[in-house]
file model_23.cif (mmCIF, C-alpha atoms)
data_input
#
loop_
_atom_site.label_atom_id
_atom_site.label_comp_id
_atom_site.auth_asym_id
_atom_site.auth_seq_id
_atom_site.Cartn_x
_atom_site.Cartn_y
_atom_site.Cartn_z
CA MET M 245 177.82 121.67 140.06
CA LYS M 246 175.87 124.82 140.61
CA HIS M 247 172.73 123.42 139.03
CA THR M 248 172.15 120.58 141.43
CA HIS M 249 171.32 122.57 144.52
CA THR M 250 168.72 124.54 142.62
CA LEU M 251 166.81 121.28 142.17
CA ARG M 252 164.89 121.92 145.34
CA LEU M 253 161.67 120.48 146.63
CA SER M 254 159.47 122.83 144.62
CA ASN M 255 161.24 121.85 141.42
CA ARG M 256 160.72 118.19 142.18
CA PHE M 257 157.05 118.88 142.85
CA TRP M 258 156.62 120.57 139.50
CA ILE M 259 158.56 117.90 137.62
CA ALA M 260 156.32 115.25 139.21
CA LEU M 261 153.19 117.23 138.36
CA PHE M 262 154.16 117.80 134.74
CA SER M 263 155.25 114.19 134.31
CA ALA M 264 151.88 113.09 135.64
CA ALA M 265 150.14 115.44 133.21
CA VAL M 266 152.15 114.10 130.27
CA LEU M 267 151.47 110.52 131.34
CA LEU M 268 147.76 111.26 131.60
CA CYS M 269 147.80 112.72 128.09
CA VAL M 270 149.62 109.68 126.70
CA VAL M 271 147.11 107.34 128.33
CA PHE M 272 144.28 109.43 126.96
CA ILE M 273 145.74 109.37 123.45
CA ILE M 274 146.29 105.60 123.53
CA LEU M 275 142.76 105.00 124.82
CA SER M 276 141.19 107.30 122.25
CA ARG M 277 143.12 105.51 119.50
CA GLN M 278 141.97 102.10 120.63
CA PHE M 279 138.32 102.91 120.95
CA GLY M 280 138.14 105.23 117.99
CA SER M 281 136.12 104.24 114.96
CA HIS M 282 137.40 104.58 111.43
CA THR M 283 134.97 107.14 110.14
CA ALA M 284 136.26 110.25 108.42
CA VAL M 285 134.18 113.39 108.19
CA ILE M 286 134.91 115.99 105.56
CA SER M 287 133.57 119.45 106.16
CA LYS M 288 133.88 122.84 104.56
CA ASN M 289 133.14 126.14 106.30
CA GLY M 290 132.03 124.11 109.30
CA THR M 291 129.26 122.25 107.47
CA GLU M 292 129.58 118.52 106.94
CA ILE M 293 129.95 117.40 103.32
CA ALA M 294 130.72 113.70 103.51
CA ARG M 295 131.06 110.93 106.07
CA ILE M 296 133.16 107.96 104.99
CA ASN M 297 133.68 104.71 106.86
CA LEU M 298 137.29 103.97 105.93
CA SER M 299 137.16 100.32 106.88
CA ARG M 300 134.51 99.78 104.21
CA VAL M 301 136.48 101.41 101.40
CA THR M 302 137.70 98.72 99.02
CA GLU M 303 139.43 100.70 96.32
CA SER M 304 140.92 104.15 96.39
CA TYR M 305 139.27 107.17 94.84
CA THR M 306 139.65 110.94 94.93
CA ILE M 307 137.22 113.63 96.00
CA PRO M 308 137.79 116.91 94.20
CA MET M 309 136.78 120.05 96.05
CA ASP M 310 137.48 123.54 94.79
CA GLY M 311 141.18 123.94 95.46
CA ASN M 312 141.71 120.64 97.25
CA VAL M 313 141.81 117.01 96.18
CA ILE M 314 141.20 114.41 98.86
CA LEU M 315 142.46 110.86 98.32
CA VAL M 316 140.48 108.08 99.99
CA GLU M 317 142.16 104.69 100.27
CA PRO M 318 141.16 101.50 102.09
CA GLY M 319 141.64 102.35 105.76
CA SER M 320 143.18 105.77 105.24
CA ILE M 321 142.52 109.25 103.95
CA ARG M 322 144.77 112.13 103.02
CA MET M 323 144.94 115.42 101.20
CA GLN M 324 146.45 114.76 97.79
CA SER M 325 146.85 118.31 96.61
CA ALA M 326 145.93 121.85 97.47
CA ASP M 327 146.17 125.18 95.70
CA CYS M 328 147.50 127.10 98.69
CA PRO M 329 151.16 128.19 98.73
CA ASP M 330 152.26 126.51 101.96
CA GLN M 331 150.75 123.03 101.38
CA ILE M 332 150.41 122.44 105.11
CA CYS M 333 147.41 120.15 104.69
CA VAL M 334 149.26 117.99 102.14
CA HIS M 335 152.21 117.67 104.50
CA GLN M 336 149.95 116.70 107.39
CA GLY M 337 150.07 113.20 105.96
CA VAL M 338 147.76 110.24 106.21
CA LEU M 339 144.94 109.67 108.69
CA HIS M 340 144.14 106.16 109.85
CA ASP M 341 142.26 106.13 113.12
CA THR M 342 142.63 109.51 114.76
CA GLY M 343 143.62 113.08 114.07
CA ARG M 344 142.59 115.60 111.50
CA ILE M 345 143.80 117.44 108.44
CA VAL M 346 143.08 121.12 108.29
CA CYS M 347 143.27 123.38 105.27
CA LEU M 348 142.89 126.87 106.65
CA PRO M 349 142.97 128.86 103.39
CA ASN M 350 140.08 126.84 101.91
CA ARG M 351 138.51 126.11 105.29
CA VAL M 352 138.40 122.37 104.63
CA LEU M 353 138.55 119.98 107.55
CA ILE M 354 139.00 116.21 107.42
CA GLU M 355 138.63 114.58 110.79
CA MET M 356 138.32 111.13 112.23
CA VAL M 357 135.27 110.97 114.45
CA HIS M 358 134.83 109.01 117.63
CA THR M 359 131.29 107.84 117.87
CA LYS M 360 131.37 106.60 121.44
CA ASP M 361 132.24 109.71 123.45
CA ALA M 362 131.59 113.35 122.88
CA PRO M 363 134.83 115.01 121.76
CA ASP M 364 134.46 118.31 123.56
CA ALA M 365 133.27 117.00 126.89
CA LYS M 366 136.59 115.45 127.85
CA ALA M 367 138.86 118.29 126.84
CA GLY M 368 136.80 120.54 129.07
CA MET V 136 169.05 158.55 129.72
CA ILE V 137 167.80 155.46 131.49
CA LYS V 138 164.43 155.76 129.80
CA THR V 139 166.10 155.86 126.42
CA LYS V 140 168.10 152.76 127.24
CA ARG V 141 164.99 150.97 128.32
CA LEU V 142 163.22 151.93 125.11
CA ALA V 143 166.20 150.69 123.13
CA LEU V 144 166.13 147.38 125.01
CA ASP V 145 162.41 147.07 124.30
CA ALA V 146 163.05 147.63 120.62
CA VAL V 147 165.89 145.11 120.53
CA LEU V 148 163.76 142.51 122.29
CA ALA V 149 160.89 143.12 119.88
CA ALA V 150 163.29 142.66 116.99
CA ILE V 151 164.65 139.44 118.50
CA ALA V 152 161.15 138.11 119.10
CA LEU V 153 160.11 138.94 115.55
CA LEU V 154 163.21 137.30 114.11
CA LEU V 155 162.73 134.14 116.18
CA PHE V 156 159.10 134.03 115.15
CA LEU V 157 159.95 134.35 111.45
CA VAL V 158 162.83 131.87 111.54
CA GLU V 159 160.70 129.37 113.39
CA ALA V 160 157.94 129.72 110.81
CA GLN V 161 160.42 128.54 108.17
CA ILE V 162 161.19 125.29 109.98
CA PRO V 163 159.04 122.50 108.55
CA PRO V 164 156.52 121.11 111.05
CA LEU V 165 158.03 118.47 113.32
CA THR V 166 154.86 116.43 113.57
CA SER V 167 151.60 116.10 111.73
CA ILE V 168 149.96 118.14 114.46
CA PRO V 169 149.81 121.84 113.63
CA GLY V 170 150.85 124.13 116.44
CA VAL V 171 153.67 121.99 117.79
CA LYS V 172 156.78 124.12 117.76
CA ILE V 173 159.51 125.30 120.08
CA GLY V 174 157.96 128.68 120.74
CA LEU V 175 161.19 130.62 121.00
CA ALA V 176 159.35 133.89 120.48
CA ASN V 177 157.54 133.28 123.75
CA ALA V 178 160.89 133.05 125.50
CA VAL V 179 161.35 136.73 124.71
CA THR V 180 157.95 137.55 126.19
CA LEU V 181 158.80 135.63 129.33
CA PHE V 182 162.17 137.33 129.60
CA ALA V 183 160.56 140.73 129.17
CA VAL V 184 157.98 140.03 131.89
CA CYS V 185 160.70 138.93 134.32
CA PHE V 186 163.31 141.54 133.46
CA LEU V 187 161.45 144.66 132.38
CA GLY V 188 157.94 144.27 133.70
CA LYS V 189 154.50 143.63 132.39
CA LYS V 190 153.96 146.87 130.49
CA ASP V 191 157.13 146.56 128.44
CA ALA V 192 156.35 142.92 127.74
CA ALA V 193 152.90 143.84 126.47
CA ALA V 194 154.40 146.43 124.13
CA ILE V 195 156.97 143.95 122.80
CA LEU V 196 154.27 141.32 122.32
CA PHE V 197 152.03 143.77 120.48
CA VAL V 198 154.78 144.78 118.06
CA ARG V 199 155.82 141.17 117.49
CA VAL V 200 152.33 139.88 116.75
CA ILE V 201 151.44 142.72 114.36
CA LEU V 202 154.74 142.72 112.48
CA GLY V 203 154.91 138.92 112.53
CA ALA V 204 151.57 138.74 110.75
CA VAL V 205 152.70 141.39 108.27
CA PHE V 206 155.91 139.57 107.41
CA ALA V 207 154.93 135.94 107.82
CA GLY V 208 151.63 135.54 106.15
CA ASN V 209 147.94 135.95 106.15
CA LEU V 210 145.10 136.90 108.43
CA SER V 211 144.70 133.43 109.93
CA THR V 212 148.35 133.51 111.04
CA PHE V 213 147.58 136.74 112.82
CA PHE V 214 144.55 135.34 114.65
CA TYR V 215 146.37 132.20 115.73
CA SER V 216 149.49 133.94 116.90
CA ALA V 217 147.55 136.75 118.59
CA SER V 218 145.20 134.46 120.49
CA GLY V 219 148.06 132.25 121.62
CA ALA V 220 150.29 135.15 122.56
CA VAL V 221 147.61 137.00 124.52
CA CYS V 222 146.66 133.89 126.52
CA CYS V 223 150.32 133.13 127.18
CA TYR V 224 150.94 136.72 128.31
CA LEU V 225 147.93 136.84 130.63
CA VAL V 226 148.75 133.53 132.32
CA THR V 227 152.40 134.49 132.66
CA CYS V 228 151.43 137.80 134.30
CA ILE V 229 148.93 136.18 136.67
CA LEU V 230 151.35 133.46 137.75
CA TYR V 231 154.42 135.70 137.80
CA LYS V 232 154.22 136.49 141.51
CA PRO V 233 153.92 132.95 142.89
CA LEU V 234 156.25 131.38 140.34
CA CYS V 235 158.91 134.01 139.62
CA LYS V 236 161.55 131.90 141.39
CA THR V 237 160.99 128.94 139.10
CA VAL V 238 160.92 130.47 135.66
CA TRP V 239 160.69 127.16 133.82
CA VAL V 240 157.41 126.30 135.56
CA LEU V 241 156.08 129.71 134.57
CA SER V 242 157.18 128.99 131.03
CA VAL V 243 155.38 125.63 130.93
CA PHE V 244 152.15 127.25 132.09
CA GLY V 245 152.63 129.99 129.53
CA ALA V 246 153.18 127.46 126.74
CA ALA V 247 150.10 125.47 127.79
CA ALA V 248 148.04 128.67 127.81
CA HIS V 249 149.43 129.57 124.39
CA ASN V 250 148.28 126.26 122.96
CA ALA V 251 144.93 126.46 124.70
CA GLY V 252 144.37 129.92 123.26
CA GLN V 253 145.27 128.78 119.77
CA LEU V 254 142.95 125.79 120.06
CA LEU V 255 140.14 128.05 121.15
CA CYS V 256 140.84 130.26 118.15
CA ALA V 257 140.90 127.23 115.83
CA CYS V 258 137.65 126.06 117.38
CA ILE V 259 136.02 129.40 116.54
CA LEU V 260 137.58 129.78 113.07
CA LEU V 261 136.86 126.23 111.95
CA GLN V 262 133.58 126.08 113.88
CA SER V 263 134.43 122.60 115.03
CA PRO V 264 134.79 121.81 118.73
CA SER V 265 136.48 118.54 117.84
CA VAL V 266 139.82 120.32 117.43
CA PHE V 267 140.03 119.93 121.19
CA TRP V 268 141.04 116.33 120.50
CA TYR V 269 144.40 117.88 119.87
CA PHE V 270 144.71 119.18 123.38
CA PRO V 271 146.53 116.15 124.88
CA TYR V 272 149.11 116.23 122.09
CA LEU V 273 149.57 119.95 122.49
CA LEU V 274 149.83 119.66 126.27
CA ILE V 275 152.71 117.21 125.94
CA ALA V 276 154.37 119.54 123.46
CA ALA V 277 153.79 122.48 125.80
CA VAL V 278 155.49 120.75 128.73
CA ILE V 279 158.56 119.89 126.67
CA SER V 280 158.92 123.14 124.74
CA GLY V 281 157.88 125.25 127.72
CA ALA V 282 160.49 123.66 129.95
CA PHE V 283 163.12 124.16 127.25
CA THR V 284 162.42 127.84 126.65
CA GLY V 285 161.99 128.36 130.39
CA ILE V 286 165.45 126.99 131.11
CA CYS V 287 166.85 129.22 128.36
CA VAL V 288 165.23 132.28 129.95
CA HIS V 289 166.42 131.21 133.39
CA LEU V 290 170.02 131.05 132.17
CA ILE V 291 169.76 134.42 130.46
CA LEU V 292 168.18 136.02 133.53
CA ARG V 293 170.96 134.71 135.73
CA ARG V 294 173.54 136.37 133.54
CA MET V 295 171.60 139.61 133.25
CA LYS V 296 170.75 139.93 136.95
CA ASN V 297 173.86 141.85 137.91
CA ARG V 298 173.39 144.35 135.13
CA LYS V 299 169.77 145.11 135.81
CA GLU V 300 170.54 148.56 137.26
CA LYS V 301 172.21 149.56 134.04
CA TRP V 302 169.02 149.07 132.10
CA ILE V 303 166.14 150.04 134.33
#
call {"tool": "encode", "arguments": {"input": "model_23.cif", "output": "structure tokens"}}
result
Amino acid sequence: MKHTHTLRLSNRFWIALFSAAVLLCVVFIILSRQFGSHTAVISKNGTEIARINLSRVTESYTIPMDGNVILVEPGSIRMQSADCPDQICVHQGVLHDTGRIVCLPNRVLIEMVHTKDAPDAKAG
Amino acid sequence: MIKTKRLALDAVLAAIALLLFLVEAQIPPLTSIPGVKIGLANAVTLFAVCFLGKKDAAAILFVRVILGAVFAGNLSTFFYSASGAVCCYLVTCILYKPLCKTVWVLSVFGAAAHNAGQLLCACILLQSPSVFWYFPYLLIAAVISGAFTGICVHLILRRMKNRKEKWI
């Protein structure tokens, strides 16, 4: 095989480094999921509109915003519909504990917030 | 004569990059995280940097980003693809000298820079620094997709090496 001898020391070094980076990311994701709270923040144009603690929601309801409809259910939140052509935010699915749904055309952002640690300090 | 050939190769590469970019935009997102994709268009940039040089690569990138935004969508597409592409290009150029022997490593760094640039752009456009929570997900995606496109470019470069004199 011609490929095998190209797997030199430098390649092994880089593979090890990237594997370590991936592992670190996975650990970080798992940790942030475990310690994350269940609060969803809805904002438009960068200003906060609503803050919902999903673990306290007992029955589902919808929040209409111009162009978007947000569906809040016990323990989860998702974008039910949007008036944009590509429907990316609708396809982004359901949020439970982490992540965010972004609607770029209407500049709507739903995100799960982590109360314990500052989000931007760790990403550096 | 040689200059004309080089210009033709630039144009062909720009066309390939644009086509890959447009085809990739049609593939439904693999995950719920926006920005995770294979990044085949960046493979062309990487190939151009390695094979033709930095100036030609910049020209190809410029054409691809502008025409990609014209064909594929709206202004936000343009900002995201431009910020990612420029970051990817800069990092690739800076690291080209030390890493030109291991193209796949170069590609991984390029992909990571691409995602970082896009995140920065999202941070500014959405005015929400919390989008950086995505960074670990995107970094994993960058390592996988970057290694993949890097190996592709490596294989192409190996086949094109003997014909380099014909082009430039």
call {"tool": "resolve_selection", "arguments": {"input": "model_23.cif", "expression": "the PyMOL selection byres ((chain V) within 8 of (chain M))", "output": "PyMOL selection string"}}
result
chain V and resi 166-168+211+237+240+261-265+267-272+274-275+278
call {"tool": "atom_distance", "arguments": {"input": "model_23.cif", "atom1": "atom CA of Ala282 of chain V", "atom2": "atom CA of Phe257 of chain M"}}
result
14.2 Å
call {"tool": "resolve_selection", "arguments": {"input": "model_23.cif", "expression": "the PyMOL selection byres ((chain M and resi 303) around 8)", "output": "PyMOL selection string"}}
result
chain M and resi 301-302+304-305+317-318
call {"tool": "residues_around", "arguments": {"input": "model_23.cif", "residues": "Leu144 of chain V", "least_positions_apart": "5", "cutoff": "12 Å", "atoms": "all atoms listed in the file", "output": "compact mmCIF listing (two decimals) with C-alpha atoms, keeping the file's coordinate frame"}}
result
# COMPACT_ATOMS: atom_id res chain seq x y z
CA ILE V 137 167.80 155.46 131.49
CA LYS V 138 164.43 155.76 129.80
CA THR V 139 166.10 155.86 126.42
CA ALA V 149 160.89 143.12 119.88
CA ALA V 150 163.29 142.66 116.99
CA ILE V 151 164.65 139.44 118.50
CA VAL V 179 161.35 136.73 124.71
CA PHE V 182 162.17 137.33 129.60
CA ALA V 183 160.56 140.73 129.17
CA PHE V 186 163.31 141.54 133.46
CA LEU V 187 161.45 144.66 132.38
CA ASP V 191 157.13 146.56 128.44
CA ALA V 192 156.35 142.92 127.74
CA ALA V 194 154.40 146.43 124.13
CA ILE V 195 156.97 143.95 122.80
CA LYS V 299 169.77 145.11 135.81
CA LYS V 301 172.21 149.56 134.04
CA TRP V 302 169.02 149.07 132.10
CA ILE V 303 166.14 150.04 134.33
call {"tool": "atom_distance", "arguments": {"input": "model_23.cif", "atom1": "atom CA of Leu234 of chain V", "atom2": "atom CA of Leu292 of chain V"}}
result
14.5 Å
call {"tool": "closest_residue", "arguments": {"input": "model_23.cif", "among": "V:Cys222, V:Ala176, V:Ala247, V:Ile259", "to": "Ala160 of chain V", "atoms": "only C-alpha atoms"}}
result
V:Ala176
call {"tool": "atom_distance", "arguments": {"input": "model_23.cif", "atom1": "atom CA of Gly245 of chain V", "atom2": "atom CA of Thr180 of chain V"}}
result
9.8 Å
call {"tool": "resolve_selection", "arguments": {"input": "model_23.cif", "expression": "the PyMOL selection byres ((chain V and resi 231) around 12)", "output": "mmCIF file with C-alpha atoms, keeping the file's coordinate frame"}}
result
data_model
loop_
_atom_site.group_PDB
_atom_site.id
_atom_site.type_symbol
_atom_site.label_atom_id
_atom_site.label_comp_id
_atom_site.auth_asym_id
_atom_site.auth_seq_id
_atom_site.Cartn_x
_atom_site.Cartn_y
_atom_site.Cartn_z
ATOM 1 C CA LEU V 181 158.800 135.630 129.330
ATOM 2 C CA PHE V 182 162.170 137.330 129.600
ATOM 3 C CA ALA V 183 160.560 140.730 129.170
ATOM 4 C CA VAL V 184 157.980 140.030 131.890
ATOM 5 C CA CYS V 185 160.700 138.930 134.320
ATOM 6 C CA PHE V 186 163.310 141.540 133.460
ATOM 7 C CA GLY V 188 157.940 144.270 133.700
ATOM 8 C CA LYS V 189 154.500 143.630 132.390
ATOM 9 C CA CYS V 223 150.320 133.130 127.180
ATOM 10 C CA TYR V 224 150.940 136.720 128.310
ATOM 11 C CA LEU V 225 147.930 136.840 130.630
ATOM 12 C CA VAL V 226 148.750 133.530 132.320
ATOM 13 C CA THR V 227 152.400 134.490 132.660
ATOM 14 C CA CYS V 228 151.430 137.800 134.300
ATOM 15 C CA ILE V 229 148.930 136.180 136.670
ATOM 16 C CA LEU V 230 151.350 133.460 137.750
ATOM 17 C CA LYS V 232 154.220 136.490 141.510
ATOM 18 C CA PRO V 233 153.920 132.950 142.890
ATOM 19 C CA LEU V 234 156.250 131.380 140.340
ATOM 20 C CA CYS V 235 158.910 134.010 139.620
ATOM 21 C CA LYS V 236 161.550 131.900 141.390
ATOM 22 C CA THR V 237 160.990 128.940 139.100
ATOM 23 C CA VAL V 238 160.920 130.470 135.660
ATOM 24 C CA TRP V 239 160.690 127.160 133.820
ATOM 25 C CA VAL V 240 157.410 126.300 135.560
ATOM 26 C CA LEU V 241 156.080 129.710 134.570
ATOM 27 C CA SER V 242 157.180 128.990 131.030
ATOM 28 C CA PHE V 244 152.150 127.250 132.090
ATOM 29 C CA GLY V 245 152.630 129.990 129.530
#
call {"tool": "build_atoms", "arguments": {"input": "model_23.cif", "residues": "segment 234-248 of chain V", "atoms": "N, CA and C atoms", "output": "PDB file, in the frame of the given file"}}
result
ATOM      1  N   LEU V 234     155.321 132.302 140.995  1.00  0.00           N
ATOM      2  CA  LEU V 234     156.250 131.380 140.340  1.00  0.00           C
ATOM      3  C   LEU V 234     157.524 132.059 139.813  1.00  0.00           C
ATOM      4  N   CYS V 235     157.777 133.311 140.226  1.00  0.00           N
ATOM      5  CA  CYS V 235     158.910 134.010 139.620  1.00  0.00           C
ATOM      6  C   CYS V 235     160.257 133.376 139.979  1.00  0.00           C
ATOM      7  N   LYS V 236     160.279 132.554 141.031  1.00  0.00           N
ATOM      8  CA  LYS V 236     161.550 131.900 141.390  1.00  0.00           C
ATOM      9  C   LYS V 236     161.845 130.695 140.493  1.00  0.00           C
ATOM     10  N   THR V 237     160.788 130.072 140.004  1.00  0.00           N
ATOM     11  CA  THR V 237     160.990 128.940 139.100  1.00  0.00           C
ATOM     12  C   THR V 237     160.453 129.303 137.729  1.00  0.00           C
ATOM     13  N   VAL V 238     161.348 129.898 136.941  1.00  0.00           N
ATOM     14  CA  VAL V 238     160.920 130.470 135.660  1.00  0.00           C
ATOM     15  C   VAL V 238     160.443 129.378 134.710  1.00  0.00           C
ATOM     16  N   TRP V 239     161.060 128.203 134.795  1.00  0.00           N
ATOM     17  CA  TRP V 239     160.690 127.160 133.820  1.00  0.00           C
ATOM     18  C   TRP V 239     159.258 126.693 134.026  1.00  0.00           C
ATOM     19  N   VAL V 240     158.805 126.687 135.295  1.00  0.00           N
ATOM     20  CA  VAL V 240     157.410 126.300 135.560  1.00  0.00           C
ATOM     21  C   VAL V 240     156.473 127.340 134.949  1.00  0.00           C
ATOM     22  N   LEU V 241     156.849 128.600 135.152  1.00  0.00           N
ATOM     23  CA  LEU V 241     156.080 129.710 134.570  1.00  0.00           C
ATOM     24  C   LEU V 241     155.994 129.548 133.056  1.00  0.00           C
ATOM     25  N   SER V 242     157.107 129.154 132.481  1.00  0.00           N
ATOM     26  CA  SER V 242     157.180 128.990 131.030  1.00  0.00           C
ATOM     27  C   SER V 242     156.274 127.857 130.551  1.00  0.00           C
ATOM     28  N   VAL V 243     156.246 126.750 131.311  1.00  0.00           N
ATOM     29  CA  VAL V 243     155.380 125.630 130.930  1.00  0.00           C
ATOM     30  C   VAL V 243     153.923 126.050 130.963  1.00  0.00           C
ATOM     31  N   PHE V 244     153.536 126.779 132.017  1.00  0.00           N
ATOM     32  CA  PHE V 244     152.150 127.250 132.090  1.00  0.00           C
ATOM     33  C   PHE V 244     151.850 128.210 130.947  1.00  0.00           C
ATOM     34  N   GLY V 245     152.816 129.060 130.648  1.00  0.00           N
ATOM     35  CA  GLY V 245     152.630 129.990 129.530  1.00  0.00           C
ATOM     36  C   GLY V 245     152.432 129.251 128.220  1.00  0.00           C
ATOM     37  N   ALA V 246     153.264 128.224 127.990  1.00  0.00           N
ATOM     38  CA  ALA V 246     153.180 127.460 126.740  1.00  0.00           C
ATOM     39  C   ALA V 246     151.837 126.737 126.655  1.00  0.00           C
ATOM     40  N   ALA V 247     151.395 126.173 127.783  1.00  0.00           N
ATOM     41  CA  ALA V 247     150.100 125.470 127.790  1.00  0.00           C
ATOM     42  C   ALA V 247     148.977 126.455 127.483  1.00  0.00           C
ATOM     43  N   ALA V 248     149.068 127.660 128.062  1.00  0.00           N
ATOM     44  CA  ALA V 248     148.040 128.670 127.810  1.00  0.00           C
ATOM     45  C   ALA V 248     148.072 129.107 126.353  1.00  0.00           C
TER      46      ALA V 248
END
